[in-house]
Structures are given as structure tokens and as C-alpha cells.
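Structure first, then comments.
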Amino acid sequence: MRLFYFSFLIFINISIQFFPQSFDSNELAIVGSQKIFTQDFITRYSDYLFATGVKDNLIARQAMLNGMISELLLSYYDDNTSILSNEEYSREINWVSRQSSLAYLKDQEIYAKITVSEEELRTAFNRVNENLSASHLYAQTLEEAEYLYNLVQIGVDWDNLAAQVFSDSVLRNNGGYLGSFTWGDMDPAFEEAAYNLKVGEISKPIQTKTGYSIIRLENRASNPLLTEYEFQNKKSKLEQGLKIKKKFEYEKKYLESIFDETRYSLNQSSLEKIIEYLQLSDIQKSESNIKIGCEIVAVKYDNINFSEKFIVDQLNQIPEYHRTRINSAEILKTGIKGIIMQQLLYEEVIKKGYDKVPAVIETANKKKKQIFLKYKMQEVLTQAQVADSSLIKFYVKNPESFKYPNEISIQEILVENKSKADSIYKLFLNGEEFGKLAKTFSVRKASANNDGVIDYSDIAKFGSIRKQLWQTDVGKVIGPIEIYSFYGIFKVLGKRDGKQKPFSDIKEDVESLYKFENKKLLLENHLEKIKQTVKISVNGKVLSSINFLEKDFN
């Protein structure tokens with residue numbers, strides 16, 4: 001299996017002085033006392049080419065090496081005391097070690113045993129008769145992806161966001177457009193999401209092998225000419241895709257063989273006590289009368305007792321981005337069961353020695369490096385000093401980002417199918433009153449009872465149709481428009497332009513967005529300061545002479 005580690009740092013430009021240096025045959029660069037070995041570069045760069053489809057070229061090689069040098073500068077020649085002493089950072093590091101070995105267990109005991117028949121392959125091939133084209137916005141972390149998604153939802157221009165998140169000049173200038181692809185050409189998770197979108201629809205953040213993508217489907221075209229040659233050519237990809245589709249079924253069977261629901265029981269009073277305890281702050285916990293004891297059994301499985309303290313300790317080992325989602329007894333109940341299941345699975349890991357497998361250790365180390373860089377990026381941005389004059393200039397230059405939302409008031413008629421919507425629209429054209437039609441036919445009763453009127457609301461509330469509504473003149477009617485599984489007819493009653501927010505009230509928001517949009521520059525400046533104290537030498541001859549064959553990445 002190819003493993004891929006993507007780093008935002010490969011797009012960071014820092015000037016490097018090339019000092020005279022004698023290199024061993026296996027050395028590509030020397031950064032202070034640290035070395036970058038040629039084989040490590042080849043592995044990283046090959047994975048990058050394989051995952052992205054980028055063609056090998058000297059500029060891409062230099063960018064990758066630049067990223068590896070930047071990692072060493074941040075890891076070994078910067079003050080990382082606050083990160084290394086951060087309890088949440090430690091939790092995430094421990095978490096990925098455990099999760100990497102559990103993932104390997106699944107690979108060996110579940111996914112490696114999935115089979116696909118010839119008949120299934122041919123059936124799948126007959127269904128793969130469409131080409132899609134899509135654009136995407138990329139983010140390394142879920143937090144950043146969700147932030148981007150929220151910006152899209154409130155109407156921030158897609159192309160402007162693409163210009164911020166991509167360093168590649170093509171993607172930066174074409175709105176993240178990926179061109180045409182078919183089933184089996186893209187990352188499986190990306191592809192699955194894209195095929196489930198309608199043209200023009202935008203996905204929520206989708207986790208892929210390289211990070212997170214927000215996808216906008218641009219076009220869908222059928223391909224009716226299916227040949228045996230094409231089937232044989234795509235057979236391996238079809239098999240891979242079908243195995244992915246079968247993962248859930250096989251995983252469920254395996255988990256049932258490990259975890260027997262009939263042998264599991266949960267103490268309801270412990271559940272209620274733990275959820276109450278988790279919702280307290282650290283200070284409140286120390287002052288609370290709620291006692292989480294070692295002697296009180298919270299869960300039983302077979303003849304094994306798990307105490308309340310064991311459950312709370314295990315929950316505290318979960319990274320914050322997972323832990324904060326445990327905000328109800330029902331979610332906690334599911335989480336506790338997951339803890340017991342993972343405990344049983346980890347016993348299988350230890351029994352089979354999967355935690356010692358080199359591939360597992362390598363995967364965990366790559367993820368740990370990614371976690372460190374995430375925390376480092378947050379630290380650099382947090383500590384970066386930005387002059388008020390720069391913030392004010394940014395505020396003035398981006399008025400749309402710092403205004404109260406535009407508001408709109410409409411009347412709506414929402415029905416279940418297009419034929420009904422067409423009939424109602426004809427009644428309106430023939431003189432029937434819009435409000436009367438809304439009261440009679442609209443399925444959204446909250447507005448129907450008010451003659452279909454929705455009073456002034458944030459334009460973002462209207463989702464995918466917000467632009468159409470805002471561009472429609474007051475008094476005009478548009479529709480029928482498909483919205484998910486419904487069809488709507490809309491009359492614009494009024495609009496209000498959002499006013500500019502005073503800079504003094506939102507200075508922190510301005511600074512936050514400024515740093516987000518200028519994070520590349522801020523990180524470059526930080527790296528340049530570190531570089532001034534470190535000697536960096538690069539073996540340019542070896543960098544340009546490494547031989548990569550295109551077939552290696554197909």
C-alpha cells in the first residue's frame with residue numbers, strides 16, 4: 001500500500017543559501033545537524049506524484065525538498081516548548097499511534113479478505129457510464145475545511161476562496177477546477193461524494209487520503225459506448241471500488257465476531273453521572289460532589305468489569321475535536337460502547353503483534369508529524385504580530401467580508417413534485433393570488449399559514465437559491481426551482497443591504513481572517529527568521545538527476 005503525507009509546507013517559499021558542502025552518496029540536503037536522505041525524498045515525492053497526478057518536474061522537486069527543509073527548521077530549530085508540553089497535543093499523538101495499529105488490524109483481518117466476483121465487476125462496469133467534472137476547495141484539517149465550508153454557505157465567492165487555498169497557479173486561477181473524471185479515477189471518498197451530488201450542488205467537507213475537499217459538481221455526461229477492452233482496462237479499479245463499497249458489510253461481520261452485544265451491559269446511573277461530570281469545567285470538577293470512583297462498575301463485558309474511572313480516563317485520551325462532540329447521554333452511550341470495542345480490538349492488535357509492524361510505525365510517525373505541523377501553524381499564526389494599519393487596509397479592501405448580512409423577505413410555495421409546481425405556477429400566471437396559493441398548497445406550514453410570507457431573514461438562510469433570490473427584482477416571481485426533493489416558487493417582497501460593521505467592534509475577526517488569508521506569507525516570514533541561524537546545504541546535482549518513471553505512478 002502506498003502511504004502519502006501531504007504538507008502545506010511544500011508551497012512555502014523560503015530563500016536558501018547553497019553553502020559548499022561535500023555530501024555522502026545517500027544525502028540530498030543538510031539542515032544544520034539534520035540530514036535529508038535521498039531515499040526519504042524519493043519516497044515522499046513519489047507518494048506526492050501518485051496521489052496528486054502532478055507530472056514530475058524540477059520545480060515540483062524543489063518545492064517538495066523546500067517543504068522537507070521547512071519541516072526540519074520548525075521541528076529542530078524553533079522553540080516548541082509550548083507544543084510539546086500541551087496536553088491536547090500529547091493526546092493526539094497517543095491517539096494516532098493506537099489508531100494506526102487498529103487501522104492495520106482492519107486492513108489485515110477485514111479488507112484483505114474482501115472478494116469481488118466477475119459478475120459483480122461486469123455489473124459495476126455497466127453502471128459506470130458517466131463522466132463527471134468538478135471543482136474543489138482543499139484543506140489539510142477538518143477545522144479549516146469546516147471554516148471554508150461555512151464561508152461558502154454564507155456566500156463568500158468560491159473563486160476567491162480557491163485563490164486563497166491553492167498555491168498551484170492553475171487551481172488558484174480556475175476556481176479549483178479538476179476537469180473531467182470517471183468512476184475509479186479519483187480518491188474513493190472524493191469520488192463517492194461527487195457521484196452523489198447534483199450539478200451545481202456543493203458537498204460538505206469530505207475526508208480524502210490527502211486532507212479534506214469541498215466539492216462542487218460542474219457537469220455530468222453519459223458514456224454509452226462500453227467495450228470489452230474498456231472493461232479489462234478498468235477491471236482493477238472497479239475491483240478496488242467494489243471492495244471499498246463492501247467494507248462496511250465485512251467490517252460489521254468482523255466486529256460482531258469480536259464484540260457480542262448480549263455480553264455487554266451499561267450501568268445507567270453511571271452513564272448519567274459521567275455525562276454530568278464531563279460537562280463541568282476543570283474548576284467545577286474539583287469543587288463538585290460528583291465522584292468518579294474506581295470501585296463503581298460502569299460497564300460489564302463477559303466477566304470483565306470496567307469502572308467509571310476507567311471510562312472517564314479513556315474519554316480523556318480522546319482528542320478534543322472528538323471529545324467535544326460528546327454532549328448528550330445518547331452520544332456518550334455510543335462512545336462508551338466504542339471504547340469497549342476498541343479495547344477488545346486493541347487486544348487483538350497486541351496478540352498479533354500488529355503494533356510492532358514497520359508499516360504501522362511509519363504511518364503513525366507520518367501522522368504525528370502532521371499533527372505537530374498543525375499545532376505549529378496555529379502557534380505561528382497566533383503569535384504573528386500584524387500592525388493595525390495592515391488590518392485597516394485589509395478591512396477596507398474586503399468590505400463584503402465585514403458587513404452585516406444582506407436580508408430578504410419573500411413569499412414561497414413549496415410542493416413535492418415538479419408537475420404540481422408547474423400547475424400552481426400556471427394558476428398564478430392566470431391571476432390567482434400568490435398568498436392564497438401558498439396557504440392552499442405549500443407543504444411548509446410555518447410559512448403557508450402566513451400566506452407563504454417569510455419576513456426579513458439573512459440571505460444565507462436560503463442556501464443554494466440565495467443568489468437567484470438576491471438577483472431577482474422586488475415584486476418578481478421565479479420558479480419552479482428544485483430544492484433537494486421539493487420544488488419551490490418564490491416571490492421577492494423586499495431586500496435590505498447589510499451595513500458595514502465598525503472596525504473597532506470586529507478587530508479580532510478582521511485579524512483572524514487576515515491571518516487565514518495570509519498564512520503562507522506569515523509562515524514564510526517565520527521560517528526566514530529561523531533560517532538566518534541555520535546552515536542549509538542542498539545537493540542540487542542529485543536533486544535534478546533522480547530518475548522517476550511515469551509508470552511508477554499509474
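FYI, nothing fancy with the C-alpha cells labels: chains A, B, ... in order, residues from 1 per chain, ligands from 1 as they appear.
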
Please identify all polymer residues within 8 Å of range 194-207 of chain A, counting only C-alpha atoms, omitting same-chain residues fewer than 2 positions from it, and present them as a compact mmCIF listing (two decimals) with C-alpha atoms, in the first residue's frame.
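Result file is part.txt:
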```
# COMPACT_ATOMS: atom_id res chain seq x y z
CA LEU A 132 -18.12 13.97 -14.08
CA ALA A 134 -15.91 19.07 -10.56
CA LEU A 142 -11.21 19.30 9.31
CA ALA A 145 -12.35 22.65 5.89
CA GLU A 146 -15.38 23.44 8.06
CA TYR A 149 -17.49 25.39 4.09
CA ALA A 189 -14.13 9.15 -0.81
CA PHE A 190 -13.94 12.16 -3.15
CA GLU A 191 -15.50 10.15 -5.94
CA GLU A 192 -18.31 8.71 -3.85
CA LYS A 209 -6.22 10.42 1.69
CA THR A 210 -4.57 13.81 1.37
CA GLY A 211 -6.80 16.02 3.51
CA TYR A 212 -10.30 17.45 3.06
CA SER A 213 -12.16 18.63 -0.04
CA ILE A 214 -15.33 20.65 -0.50
CA ILE A 215 -16.67 19.59 -3.90
CA ARG A 216 -18.84 21.43 -6.39
CA LEU A 217 -20.15 19.25 -9.23
CA GLU A 218 -19.86 21.14 -12.53
CA ASN A 219 -21.16 18.66 -15.10
CA ARG A 220 -22.31 15.09 -15.67
CA SER A 464 -28.40 27.21 -2.80
```

In range 232-386 of chain A, what's helix (DSSP H, G or I) per DSSP? Answer as a count of residues only?
-> 113

For range 444-451 of chain A, list every protein, DNA or RNA residue within 6 Å, evaluated using only C-alpha atoms, and leave out those in the same chain fewer than 5 positions away; present the list as a list in words.
-> Gly435, Ala438 and Lys439 of chain A

What would the file look like if the residues just selected were written as an mmCIF file, in the first residue's frame with N, CA and C atoms?
```
data_model
loop_
_atom_site.group_PDB
_atom_site.id
_atom_site.type_symbol
_atom_site.label_atom_id
_atom_site.label_comp_id
_atom_site.auth_asym_id
_atom_site.auth_seq_id
_atom_site.Cartn_x
_atom_site.Cartn_y
_atom_site.Cartn_z
ATOM 1 N N GLY A 435 -50.509 34.497 -2.280
ATOM 2 C CA GLY A 435 -50.699 34.119 -0.879
ATOM 3 C C GLY A 435 -51.746 33.048 -0.702
ATOM 4 N N ALA A 438 -50.245 29.771 -1.738
ATOM 5 C CA ALA A 438 -49.316 29.291 -0.721
ATOM 6 C C ALA A 438 -50.073 28.658 0.436
ATOM 7 N N LYS A 439 -51.127 29.312 0.893
ATOM 8 C CA LYS A 439 -51.911 28.797 2.017
ATOM 9 C C LYS A 439 -52.557 27.451 1.670
#
```

Residues near range 154-157 of chain A, cut-off 10 Å, only C-alpha atoms, skip fewer than 2 positions along chain, as a ChimeraX atom specification = /A:148-152,159-162,175,400-401,405,458-464,466-467

For range 440-442 of chain A, list every protein, DNA or RNA residue within 7 Å, evaluated using only C-alpha atoms, and leave out those in the same chain fewer than 6 positions away; present the list as a ChimeraX atom specification.
-> /A:413-415,448

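Each of A:Ile339, A:Ile283, A:Leu102, A:Leu543 was compared to Ser25 in chain A using only C-alpha atoms, and A:Leu543 turns out to be the nearest.
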
Could you pull the residues within 9 Å of range 307-320 of chain A, counting only C-alpha atoms, minus those fewer than 6 positions along the same chain, as a ChimeraX atom specification?
-> /A:88-92,94-95,270-271,274,278,292-300,335-336,339-340

Take the residues from that selection and put them in a file with N, CA and C atoms, as a PDB file, in the first residue's frame.
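Output saved as out.pdb:
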```
ATOM      1  N   GLU A  88      -3.210  18.463  25.103  1.00  0.00           N
ATOM      2  CA  GLU A  88      -4.046  18.071  23.963  1.00  0.00           C
ATOM      3  C   GLU A  88      -3.186  17.536  22.830  1.00  0.00           C
ATOM      4  N   TYR A  89      -2.016  18.131  22.632  1.00  0.00           N
ATOM      5  CA  TYR A  89      -1.076  17.632  21.622  1.00  0.00           C
ATOM      6  C   TYR A  89      -0.655  16.207  21.967  1.00  0.00           C
ATOM      7  N   SER A  90      -0.350  15.956  23.239  1.00  0.00           N
ATOM      8  CA  SER A  90       0.049  14.613  23.680  1.00  0.00           C
ATOM      9  C   SER A  90      -1.065  13.603  23.448  1.00  0.00           C
ATOM     10  N   ARG A  91      -2.302  14.021  23.710  1.00  0.00           N
ATOM     11  CA  ARG A  91      -3.444  13.125  23.468  1.00  0.00           C
ATOM     12  C   ARG A  91      -3.524  12.727  22.001  1.00  0.00           C
ATOM     13  N   GLU A  92      -3.381  13.716  21.126  1.00  0.00           N
ATOM     14  CA  GLU A  92      -3.486  13.423  19.693  1.00  0.00           C
ATOM     15  C   GLU A  92      -2.352  12.512  19.232  1.00  0.00           C
ATOM     16  N   ASN A  94      -0.715  10.246  21.052  1.00  0.00           N
ATOM     17  CA  ASN A  94      -1.000   8.889  21.548  1.00  0.00           C
ATOM     18  C   ASN A  94      -2.151   8.258  20.766  1.00  0.00           C
ATOM     19  N   TRP A  95      -3.109   9.089  20.427  1.00  0.00           N
ATOM     20  CA  TRP A  95      -4.294   8.610  19.709  1.00  0.00           C
ATOM     21  C   TRP A  95      -3.905   8.028  18.346  1.00  0.00           C
ATOM     22  N   SER A 270     -24.386   5.282  36.140  1.00  0.00           N
ATOM     23  CA  SER A 270     -23.011   5.705  35.828  1.00  0.00           C
ATOM     24  C   SER A 270     -22.987   6.568  34.569  1.00  0.00           C
ATOM     25  N   LEU A 271     -23.794   6.179  33.592  1.00  0.00           N
ATOM     26  CA  LEU A 271     -23.880   6.950  32.347  1.00  0.00           C
ATOM     27  C   LEU A 271     -24.300   8.388  32.649  1.00  0.00           C
ATOM     28  N   ILE A 274     -21.519  10.276  34.528  1.00  0.00           N
ATOM     29  CA  ILE A 274     -20.359  10.611  33.689  1.00  0.00           C
ATOM     30  C   ILE A 274     -20.672  11.775  32.755  1.00  0.00           C
ATOM     31  N   LEU A 278     -18.623  15.243  32.754  1.00  0.00           N
ATOM     32  CA  LEU A 278     -17.894  15.717  31.581  1.00  0.00           C
ATOM     33  C   LEU A 278     -18.265  17.148  31.204  1.00  0.00           C
ATOM     34  N   ILE A 292     -16.145  10.207  40.677  1.00  0.00           N
ATOM     35  CA  ILE A 292     -15.964   9.134  39.704  1.00  0.00           C
ATOM     36  C   ILE A 292     -15.019   8.119  40.327  1.00  0.00           C
ATOM     37  N   GLY A 293     -15.556   6.964  40.712  1.00  0.00           N
ATOM     38  CA  GLY A 293     -14.775   6.023  41.502  1.00  0.00           C
ATOM     39  C   GLY A 293     -14.214   4.844  40.737  1.00  0.00           C
ATOM     40  N   CYS A 294     -13.129   4.278  41.288  1.00  0.00           N
ATOM     41  CA  CYS A 294     -12.527   3.061  40.722  1.00  0.00           C
ATOM     42  C   CYS A 294     -13.379   1.841  41.069  1.00  0.00           C
ATOM     43  N   GLU A 295     -14.130   1.935  42.173  1.00  0.00           N
ATOM     44  CA  GLU A 295     -14.845   0.763  42.675  1.00  0.00           C
ATOM     45  C   GLU A 295     -16.221   0.597  42.045  1.00  0.00           C
ATOM     46  N   ILE A 296     -16.729   1.642  41.379  1.00  0.00           N
ATOM     47  CA  ILE A 296     -18.074   1.562  40.801  1.00  0.00           C
ATOM     48  C   ILE A 296     -17.982   1.042  39.373  1.00  0.00           C
ATOM     49  N   VAL A 297     -18.710  -0.039  39.097  1.00  0.00           N
ATOM     50  CA  VAL A 297     -18.676  -0.664  37.769  1.00  0.00           C
ATOM     51  C   VAL A 297     -19.618   0.094  36.837  1.00  0.00           C
ATOM     52  N   ALA A 298     -19.060   0.648  35.757  1.00  0.00           N
ATOM     53  CA  ALA A 298     -19.863   1.369  34.772  1.00  0.00           C
ATOM     54  C   ALA A 298     -20.309   0.451  33.643  1.00  0.00           C
ATOM     55  N   VAL A 299     -19.428  -0.496  33.270  1.00  0.00           N
ATOM     56  CA  VAL A 299     -19.696  -1.385  32.140  1.00  0.00           C
ATOM     57  C   VAL A 299     -19.229  -2.794  32.477  1.00  0.00           C
ATOM     58  N   LYS A 300     -20.022  -3.760  32.022  1.00  0.00           N
ATOM     59  CA  LYS A 300     -19.605  -5.160  32.118  1.00  0.00           C
ATOM     60  C   LYS A 300     -19.573  -5.753  30.717  1.00  0.00           C
ATOM     61  N   GLY A 335     -20.348   6.268  22.605  1.00  0.00           N
ATOM     62  CA  GLY A 335     -18.910   6.418  22.797  1.00  0.00           C
ATOM     63  C   GLY A 335     -18.335   5.382  23.751  1.00  0.00           C
ATOM     64  N   ILE A 336     -19.066   5.084  24.833  1.00  0.00           N
ATOM     65  CA  ILE A 336     -18.593   4.084  25.801  1.00  0.00           C
ATOM     66  C   ILE A 336     -18.532   2.707  25.162  1.00  0.00           C
ATOM     67  N   ILE A 339     -15.493   2.555  23.137  1.00  0.00           N
ATOM     68  CA  ILE A 339     -14.286   2.378  23.947  1.00  0.00           C
ATOM     69  C   ILE A 339     -14.057   0.895  24.241  1.00  0.00           C
ATOM     70  N   ILE A 340     -15.126   0.202  24.624  1.00  0.00           N
ATOM     71  CA  ILE A 340     -15.005  -1.235  24.936  1.00  0.00           C
ATOM     72  C   ILE A 340     -14.644  -2.022  23.685  1.00  0.00           C
TER      73      ILE A 340
END
```

Interatomic distance, CA of Leu28 in chain A to CA of Phe41 in chain A (Å, one decimal) = 7.9 Å

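CA of His526 in chain A lies 11.0 Å from CA of Gln385 in chain A.
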
DSSP strand (DSSP E or B) residues within range 107-169 of chain A, as number ranges by chain | A: 130-139

Counting only C-alpha atoms, figure out which residue out of A:Ser117, A:Gln343, A:Ser33, A:Thr38 gets nearest to Asn539 in chain A.
->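 Looking only at the distances to Asn539 in chain A, the closest residue turns out to be A:Thr38.
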